[in-house]
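Enquirer: Below you'll find model.cif; it's mmCIF, C-alpha atoms.
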data_run
#
loop_
_atom_site.group_PDB
_atom_site.id
_atom_site.type_symbol
_atom_site.label_atom_id
_atom_site.label_comp_id
_atom_site.auth_asym_id
_atom_site.auth_seq_id
_atom_site.Cartn_x
_atom_site.Cartn_y
_atom_site.Cartn_z
ATOM 1 C CA MET V 1 -47.848 -40.599 9.028
ATOM 2 C CA GLU V 2 -47.434 -42.137 5.629
ATOM 3 C CA LYS V 3 -46.369 -45.685 5.027
ATOM 4 C CA ARG V 4 -42.631 -46.175 5.127
ATOM 5 C CA PRO V 5 -40.988 -48.250 2.466
ATOM 6 C CA SER V 6 -40.824 -51.859 3.444
ATOM 7 C CA CYS V 7 -38.606 -54.743 2.510
ATOM 8 C CA PHE V 8 -41.138 -57.442 1.684
ATOM 9 C CA ARG V 9 -39.608 -58.564 -1.574
ATOM 10 C CA LYS V 10 -39.229 -62.171 -2.510
ATOM 11 C CA ASN V 11 -35.544 -62.589 -1.545
ATOM 12 C CA CYS V 12 -35.412 -60.166 1.381
ATOM 13 C CA ARG V 13 -34.296 -61.678 4.707
ATOM 14 C CA SER V 14 -36.136 -59.199 6.954
ATOM 15 C CA GLY V 15 -38.491 -56.283 6.775
ATOM 16 C CA VAL V 16 -40.445 -53.760 8.803
ATOM 17 C CA ASN V 17 -43.590 -51.974 7.736
ATOM 18 C CA VAL V 18 -45.063 -49.239 9.956
ATOM 19 C CA SER V 19 -48.366 -47.481 9.276
ATOM 20 C CA ILE V 20 -51.186 -45.713 11.096
ATOM 21 C CA SER V 21 -53.955 -48.131 12.010
ATOM 22 C CA SER V 22 -56.965 -47.891 9.711
ATOM 23 C CA SER V 23 -59.301 -48.503 12.670
ATOM 24 C CA ASN V 24 -57.676 -46.193 15.273
ATOM 25 C CA ASN V 25 -55.660 -43.073 14.440
ATOM 26 C CA TYR V 26 -53.909 -43.255 17.843
ATOM 27 C CA CYS V 27 -52.386 -46.640 17.050
ATOM 28 C CA ILE V 28 -49.711 -47.766 14.659
ATOM 29 C CA GLU V 29 -49.475 -51.121 13.010
ATOM 30 C CA VAL V 30 -46.056 -52.712 12.910
ATOM 31 C CA VAL V 31 -45.407 -55.679 10.682
ATOM 32 C CA LEU V 32 -42.112 -57.505 11.182
ATOM 33 C CA ARG V 33 -40.958 -60.220 8.852
ATOM 34 C CA CYS V 34 -37.840 -62.286 8.610
ATOM 35 C CA LEU V 35 -36.705 -65.352 6.798
ATOM 36 C CA ALA V 36 -36.822 -68.326 9.132
ATOM 37 C CA VAL V 37 -33.611 -70.261 9.535
ATOM 38 C CA GLU V 38 -32.997 -73.725 10.958
ATOM 39 C CA GLY V 39 -33.940 -73.709 14.653
ATOM 40 C CA ASP V 40 -36.002 -70.563 14.147
ATOM 41 C CA GLY V 41 -39.325 -71.915 13.031
ATOM 42 C CA LEU V 42 -38.187 -74.483 10.547
ATOM 43 C CA GLY V 43 -38.066 -78.003 11.872
ATOM 44 C CA SER V 44 -38.196 -78.731 15.589
ATOM 45 C CA HIS V 45 -39.652 -76.227 18.074
ATOM 46 C CA ASP V 46 -37.962 -77.744 21.136
ATOM 47 C CA LEU V 47 -37.002 -74.388 22.654
ATOM 48 C CA ASN V 48 -40.318 -72.625 21.950
ATOM 49 C CA ASP V 49 -38.338 -69.394 22.206
ATOM 50 C CA GLY V 50 -40.026 -67.598 19.310
ATOM 51 C CA GLY V 51 -36.933 -67.413 17.169
ATOM 52 C CA ILE V 52 -35.565 -64.133 15.849
ATOM 53 C CA LEU V 53 -38.912 -62.322 15.787
ATOM 54 C CA GLY V 54 -39.831 -63.483 19.294
ATOM 55 C CA THR V 55 -36.467 -62.278 20.584
ATOM 56 C CA VAL V 56 -36.716 -58.852 18.937
ATOM 57 C CA MET V 57 -40.337 -58.335 19.979
ATOM 58 C CA ALA V 58 -39.660 -59.374 23.574
ATOM 59 C CA ALA V 59 -36.746 -56.943 23.781
ATOM 60 C CA GLY V 60 -39.013 -54.224 22.426
ATOM 61 C CA PHE V 61 -41.809 -55.002 24.888
ATOM 62 C CA LYS V 62 -39.317 -55.023 27.760
ATOM 63 C CA GLY V 63 -37.960 -51.650 26.618
ATOM 64 C CA GLU V 64 -34.484 -52.972 25.990
ATOM 65 C CA LEU V 65 -33.807 -52.200 22.363
ATOM 66 C CA VAL V 66 -30.787 -50.023 21.622
ATOM 67 C CA ARG V 67 -32.663 -46.772 20.953
ATOM 68 C CA PHE V 68 -35.392 -47.283 23.557
ATOM 69 C CA GLN V 69 -36.847 -44.042 24.901
ATOM 70 C CA PRO V 70 -37.706 -44.125 28.639
ATOM 71 C CA GLY V 71 -41.309 -43.184 29.288
ATOM 72 C CA VAL V 72 -42.610 -44.587 26.004
ATOM 73 C CA THR V 73 -45.134 -47.327 26.626
ATOM 74 C CA THR V 74 -46.346 -50.104 24.389
ATOM 75 C CA GLU V 75 -49.965 -51.164 24.374
ATOM 76 C CA ILE V 76 -50.550 -54.257 22.328
ATOM 77 C CA CYS V 77 -54.000 -54.390 20.765
ATOM 78 C CA ARG V 78 -53.524 -57.424 18.555
ATOM 79 C CA LEU V 79 -50.730 -59.868 17.952
ATOM 80 C CA ASP V 80 -50.625 -62.357 15.114
ATOM 81 C CA ALA V 81 -47.857 -64.550 13.788
ATOM 82 C CA GLY V 82 -47.883 -66.528 10.606
ATOM 83 C CA TYR V 83 -45.847 -68.310 7.995
ATOM 84 C CA SER V 84 -45.666 -66.662 4.601
ATOM 85 C CA SER V 85 -44.920 -68.187 1.258
ATOM 86 C CA GLU V 86 -42.189 -66.781 -0.962
ATOM 87 C CA ASP V 87 -44.707 -64.483 -2.664
ATOM 88 C CA GLY V 88 -45.693 -63.014 0.731
ATOM 89 C CA SER V 89 -49.122 -64.624 1.093
ATOM 90 C CA LEU V 90 -50.010 -65.977 4.529
ATOM 91 C CA GLU V 91 -49.873 -69.777 4.727
ATOM 92 C CA GLY V 92 -50.737 -70.496 8.343
ATOM 93 C CA PRO V 93 -50.239 -69.548 11.992
ATOM 94 C CA ALA V 94 -46.754 -69.530 13.545
ATOM 95 C CA THR V 95 -47.853 -70.166 17.098
ATOM 96 C CA TYR V 96 -44.283 -70.889 18.199
ATOM 97 C CA ILE V 97 -43.566 -67.145 17.914
ATOM 98 C CA ILE V 98 -46.469 -66.276 20.246
ATOM 99 C CA ARG V 99 -45.516 -69.056 22.689
ATOM 100 C CA GLY V 100 -41.898 -67.890 22.625
ATOM 101 C CA LEU V 101 -42.923 -64.291 23.154
ATOM 102 C CA CYS V 102 -45.068 -65.310 26.134
ATOM 103 C CA ARG V 103 -42.196 -67.373 27.565
ATOM 104 C CA ARG V 104 -39.722 -64.503 27.151
ATOM 105 C CA CYS V 105 -42.053 -61.883 28.623
ATOM 106 C CA CYS V 106 -44.277 -63.687 31.139
ATOM 107 C CA LEU V 107 -42.077 -66.333 32.784
ATOM 108 C CA PRO V 108 -39.314 -63.962 33.907
ATOM 109 C CA GLU V 109 -41.925 -61.560 35.321
ATOM 110 C CA LEU V 110 -43.706 -64.368 37.198
ATOM 111 C CA ILE V 111 -40.392 -65.528 38.633
ATOM 112 C CA LEU V 112 -39.466 -61.961 39.663
ATOM 113 C CA ARG V 113 -42.820 -61.514 41.414
ATOM 114 C CA SER V 114 -42.257 -64.850 43.204
ATOM 115 C CA MET V 115 -38.844 -63.600 44.322
ATOM 116 C CA GLN V 116 -40.490 -60.429 45.594
ATOM 117 C CA VAL V 117 -42.981 -62.503 47.608
ATOM 118 C CA SER V 118 -40.115 -64.589 49.023
ATOM 119 C CA VAL V 119 -38.360 -61.429 50.214
ATOM 120 C CA SER V 120 -41.566 -60.148 51.832
ATOM 121 C CA LEU V 121 -42.130 -63.465 53.571
ATOM 122 C CA VAL V 122 -38.602 -63.716 54.952
ATOM 123 C CA GLU V 123 -38.788 -60.064 56.113
ATOM 124 C CA SER V 124 -41.912 -60.925 58.102
ATOM 125 C CA GLY V 125 -40.201 -63.934 59.684
ATOM 126 C CA ASN V 126 -41.923 -66.585 57.542
ATOM 127 C CA GLU V 127 -39.222 -68.224 55.469
ATOM 128 C CA PRO V 128 -40.749 -69.804 52.338
ATOM 129 C CA GLU V 129 -40.153 -73.520 51.894
ATOM 130 C CA SER V 130 -39.553 -73.536 48.144
ATOM 131 C CA HIS V 131 -37.301 -70.517 47.616
ATOM 132 C CA ASP V 132 -34.183 -72.605 46.922
ATOM 133 C CA GLU V 133 -36.109 -74.691 44.389
ATOM 134 C CA LEU V 134 -37.051 -71.515 42.526
ATOM 135 C CA ILE V 135 -33.387 -70.502 42.325
ATOM 136 C CA GLU V 136 -32.445 -73.986 41.094
ATOM 137 C CA LEU V 137 -35.250 -73.901 38.515
ATOM 138 C CA VAL V 138 -33.944 -70.645 37.035
ATOM 139 C CA ALA V 139 -30.295 -71.764 37.135
ATOM 140 C CA SER V 140 -30.975 -75.193 35.634
ATOM 141 C CA SER V 141 -29.748 -75.735 32.091
ATOM 142 C CA GLU V 142 -32.610 -78.214 31.611
ATOM 143 C CA THR V 143 -35.361 -75.585 31.946
ATOM 144 C CA GLY V 144 -33.621 -72.936 29.847
ATOM 145 C CA PHE V 145 -35.249 -70.206 31.956
ATOM 146 C CA LEU V 146 -32.060 -68.229 32.467
ATOM 147 C CA HIS V 147 -31.801 -67.234 28.794
ATOM 148 C CA LEU V 148 -35.364 -65.829 28.931
ATOM 149 C CA PHE V 149 -34.251 -63.058 31.300
ATOM 150 C CA SER V 150 -33.054 -59.752 29.915
ATOM 151 C CA GLN V 151 -29.993 -58.137 31.508
ATOM 152 C CA GLN V 152 -32.241 -55.816 33.503
ATOM 153 C CA GLN V 153 -34.466 -58.676 34.685
ATOM 154 C CA LEU V 154 -31.463 -60.769 35.643
ATOM 155 C CA GLN V 155 -30.091 -57.869 37.650
ATOM 156 C CA GLU V 156 -33.444 -57.513 39.430
ATOM 157 C CA PHE V 157 -33.474 -61.270 40.113
ATOM 158 C CA LEU V 158 -30.023 -61.105 41.692
ATOM 159 C CA LEU V 159 -30.969 -58.065 43.783
ATOM 160 C CA PHE V 160 -34.021 -59.923 45.131
ATOM 161 C CA GLU V 161 -31.839 -62.928 45.960
ATOM 162 C CA ARG V 162 -29.332 -60.665 47.707
ATOM 163 C CA GLU V 163 -32.091 -58.991 49.725
ATOM 164 C CA TYR V 164 -33.539 -62.395 50.595
ATOM 165 C CA ALA V 165 -30.161 -63.699 51.800
ATOM 166 C CA ILE V 166 -29.526 -60.573 53.923
ATOM 167 C CA CYS V 167 -32.967 -60.793 55.552
ATOM 168 C CA LYS V 168 -32.470 -64.492 56.228
ATOM 169 C CA MET V 169 -29.056 -63.875 57.861
ATOM 170 C CA GLU V 170 -30.481 -61.030 59.970
ATOM 171 C CA SER V 171 -33.324 -63.222 61.198
ATOM 172 C CA GLN V 172 -30.851 -65.987 62.106
ATOM 173 C CA GLU V 173 -28.764 -63.481 64.083
ATOM 174 C CA GLU V 174 -31.837 -62.373 66.028
ATOM 175 C CA GLU V 175 -32.765 -65.927 67.029
ATOM 176 C CA PRO V 176 -31.724 -66.678 70.611
ATOM 177 C CA SER V 177 -29.093 -69.389 70.863
ATOM 178 C CA PHE V 178 -29.356 -71.791 73.777
#
Can you give me the file's structure in the form of structure tokens?

Expert:
Amino acid sequence: MEKRPSCFRKNCRSGVNVSISSSNNYCIEVVLRCLAVEGDGLGSHDLNDGGILGTVMAAGFKGELVRFQPGVTTEICRLDAGYSSEDGSLEGPATYIIRGLCRRCCLPELILRSMQVSVSLVESGNEPESHDELIELVASSETGFLHLFSQQQLQEFLLFEREYAICKMESQEEEPSF
């Protein structure tokens, strides 16, 4: 595969460069660039959401981009993020993108696995003590966790909650009333 033309000119707002890795012919190197805007790397990093690049990369890793092909997997060998000057030279690390990417990819998965454990526990008759707090944590506008979930992850979250509620109701029906 030859290098595709890229859009890394001085005034370009975004660009993608794809090439075969020089160290491994079975890997491709993808370089994404975009002009940072206010709230997306410039100024305060209160959200730590990774900005535009973090959002696009997370959607790609989750397999939720528009032209995603089922069955195609992504193996990440190296991930760097940095600030570039107007001439394209690297100025320093943009760790907020990596943190945002981790938040968007890891936190929803950890929460979904916790929901799965809650369902297993309630099915076995051992209702977890902190399940409601987990739901409140995700729903809270203060944590901002809800916006980290993709549509597919949110659907899975709701299905786990539904299954949990059904199991809990069934166990309450089975309890003898005196």

Enquirer: Got a sec to resolve the PyMOL selection byres ((chain V and resi 100) around 7) on this structure and send the residues as JSON, numbers by chain?

Expert: {"V": [48, 49, 50, 54, 96, 97, 98, 99, 101, 102, 103, 104]}

Enquirer: Enumerate, as a list of chain:residue names, the residues matched when the PyMOL selection byres ((chain V and resi 60) around 12) is run on the file above.

Expert: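 Given this file, the PyMOL selection byres ((chain V and resi 60) around 12) evaluates to V:Val30, V:Leu53, V:Gly54, V:Thr55, V:Val56, V:Met57, V:Ala58, V:Ala59, V:Phe61, V:Lys62, V:Gly63, V:Glu64, V:Leu65, V:Val66, V:Arg67, V:Phe68, V:Gln69, V:Pro70, V:Val72, V:Thr73, V:Thr74, V:Glu75, V:Ile76, V:Leu101, V:Arg104, V:Cys105, V:Ser150.
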
Enquirer: Using all atoms listed in the file, which of the listed residues (V:Ile111, V:Leu79, V:Val18, V:Cys106) sits closest to V:Glu161?

Expert: V:Ile111

Enquirer: Calculate how many Å separate atom CA of V:Asp132 from atom CA of V:His147, rounding to one decimal.

Expert: 19.1 Å

Enquirer: Name the residues that the PyMOL selection byres ((chain V and resi 81) around 6) pulls out of this structure, and write them as number ranges by chain.

Expert: V: 80, 82, 93-94

Enquirer: Closest to V:Leu110 among V:Ser21, V:Cys34, V:Phe157, V:Glu163, using all atoms listed in the file?

Expert: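 Comparing V:Ser21, V:Cys34, V:Phe157, V:Glu163 against V:Leu110, the winner is V:Phe157.
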
Enquirer: Please, what distance in Å, to one decimal, runs between atom CA of V:Val119 and atom CA of V:Gln151?

Expert: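 A separation of 20.8 Å between them.
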
Enquirer: Would you mind completing stretch 118-137 of chain V to N, CA and C atoms and writing the output as a tab-separated table (two decimals), in the frame of the given file?

Expert:
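To be explicit, this is the file written out as selection.tsv:
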chain	number	residue	atom	x	y	z
V	118	SER	N	-41.06	-63.91	48.13
V	118	SER	CA	-40.12	-64.59	49.02
V	118	SER	C	-39.43	-63.60	49.95
V	119	VAL	N	-39.01	-62.46	49.40
V	119	VAL	CA	-38.36	-61.43	50.21
V	119	VAL	C	-39.34	-60.91	51.27
V	120	SER	N	-40.56	-60.64	50.88
V	120	SER	CA	-41.57	-60.15	51.83
V	120	SER	C	-41.82	-61.15	52.94
V	121	LEU	N	-41.89	-62.42	52.57
V	121	LEU	CA	-42.13	-63.46	53.57
V	121	LEU	C	-40.97	-63.57	54.56
V	122	VAL	N	-39.75	-63.58	54.06
V	122	VAL	CA	-38.60	-63.72	54.95
V	122	VAL	C	-38.45	-62.47	55.83
V	123	GLU	N	-38.82	-61.29	55.31
V	123	GLU	CA	-38.79	-60.06	56.11
V	123	GLU	C	-39.77	-60.14	57.27
V	124	SER	N	-40.90	-60.82	57.05
V	124	SER	CA	-41.91	-60.92	58.10
V	124	SER	C	-41.65	-62.12	59.03
V	125	GLY	N	-40.55	-62.82	58.81
V	125	GLY	CA	-40.20	-63.93	59.68
V	125	GLY	C	-40.76	-65.27	59.25
V	126	ASN	N	-41.34	-65.34	58.07
V	126	ASN	CA	-41.92	-66.58	57.54
V	126	ASN	C	-41.13	-67.04	56.32
V	127	GLU	N	-40.09	-67.79	56.57
V	127	GLU	CA	-39.22	-68.22	55.47
V	127	GLU	C	-39.98	-69.19	54.56
V	128	PRO	N	-40.05	-68.89	53.25
V	128	PRO	CA	-40.75	-69.80	52.34
V	128	PRO	C	-40.00	-71.12	52.18
V	129	GLU	N	-40.75	-72.19	51.99
V	129	GLU	CA	-40.15	-73.52	51.89
V	129	GLU	C	-39.50	-73.79	50.54
V	130	SER	N	-40.00	-73.16	49.49
V	130	SER	CA	-39.55	-73.54	48.14
V	130	SER	C	-38.68	-72.49	47.46
V	131	HIS	N	-38.12	-71.56	48.22
V	131	HIS	CA	-37.30	-70.52	47.62
V	131	HIS	C	-36.07	-71.10	46.90
V	132	ASP	N	-35.38	-72.01	47.53
V	132	ASP	CA	-34.18	-72.60	46.92
V	132	ASP	C	-34.52	-73.36	45.64
V	133	GLU	N	-35.69	-73.98	45.60
V	133	GLU	CA	-36.11	-74.69	44.39
V	133	GLU	C	-36.34	-73.71	43.25
V	134	LEU	N	-36.85	-72.53	43.56
V	134	LEU	CA	-37.05	-71.52	42.53
V	134	LEU	C	-35.71	-71.08	41.93
V	135	ILE	N	-34.73	-70.89	42.79
V	135	ILE	CA	-33.39	-70.50	42.32
V	135	ILE	C	-32.82	-71.61	41.43
V	136	GLU	N	-32.95	-72.85	41.87
V	136	GLU	CA	-32.44	-73.99	41.09
V	136	GLU	C	-33.17	-74.11	39.76
V	137	LEU	N	-34.47	-73.83	39.74
V	137	LEU	CA	-35.25	-73.90	38.52
V	137	LEU	C	-34.73	-72.89	37.48
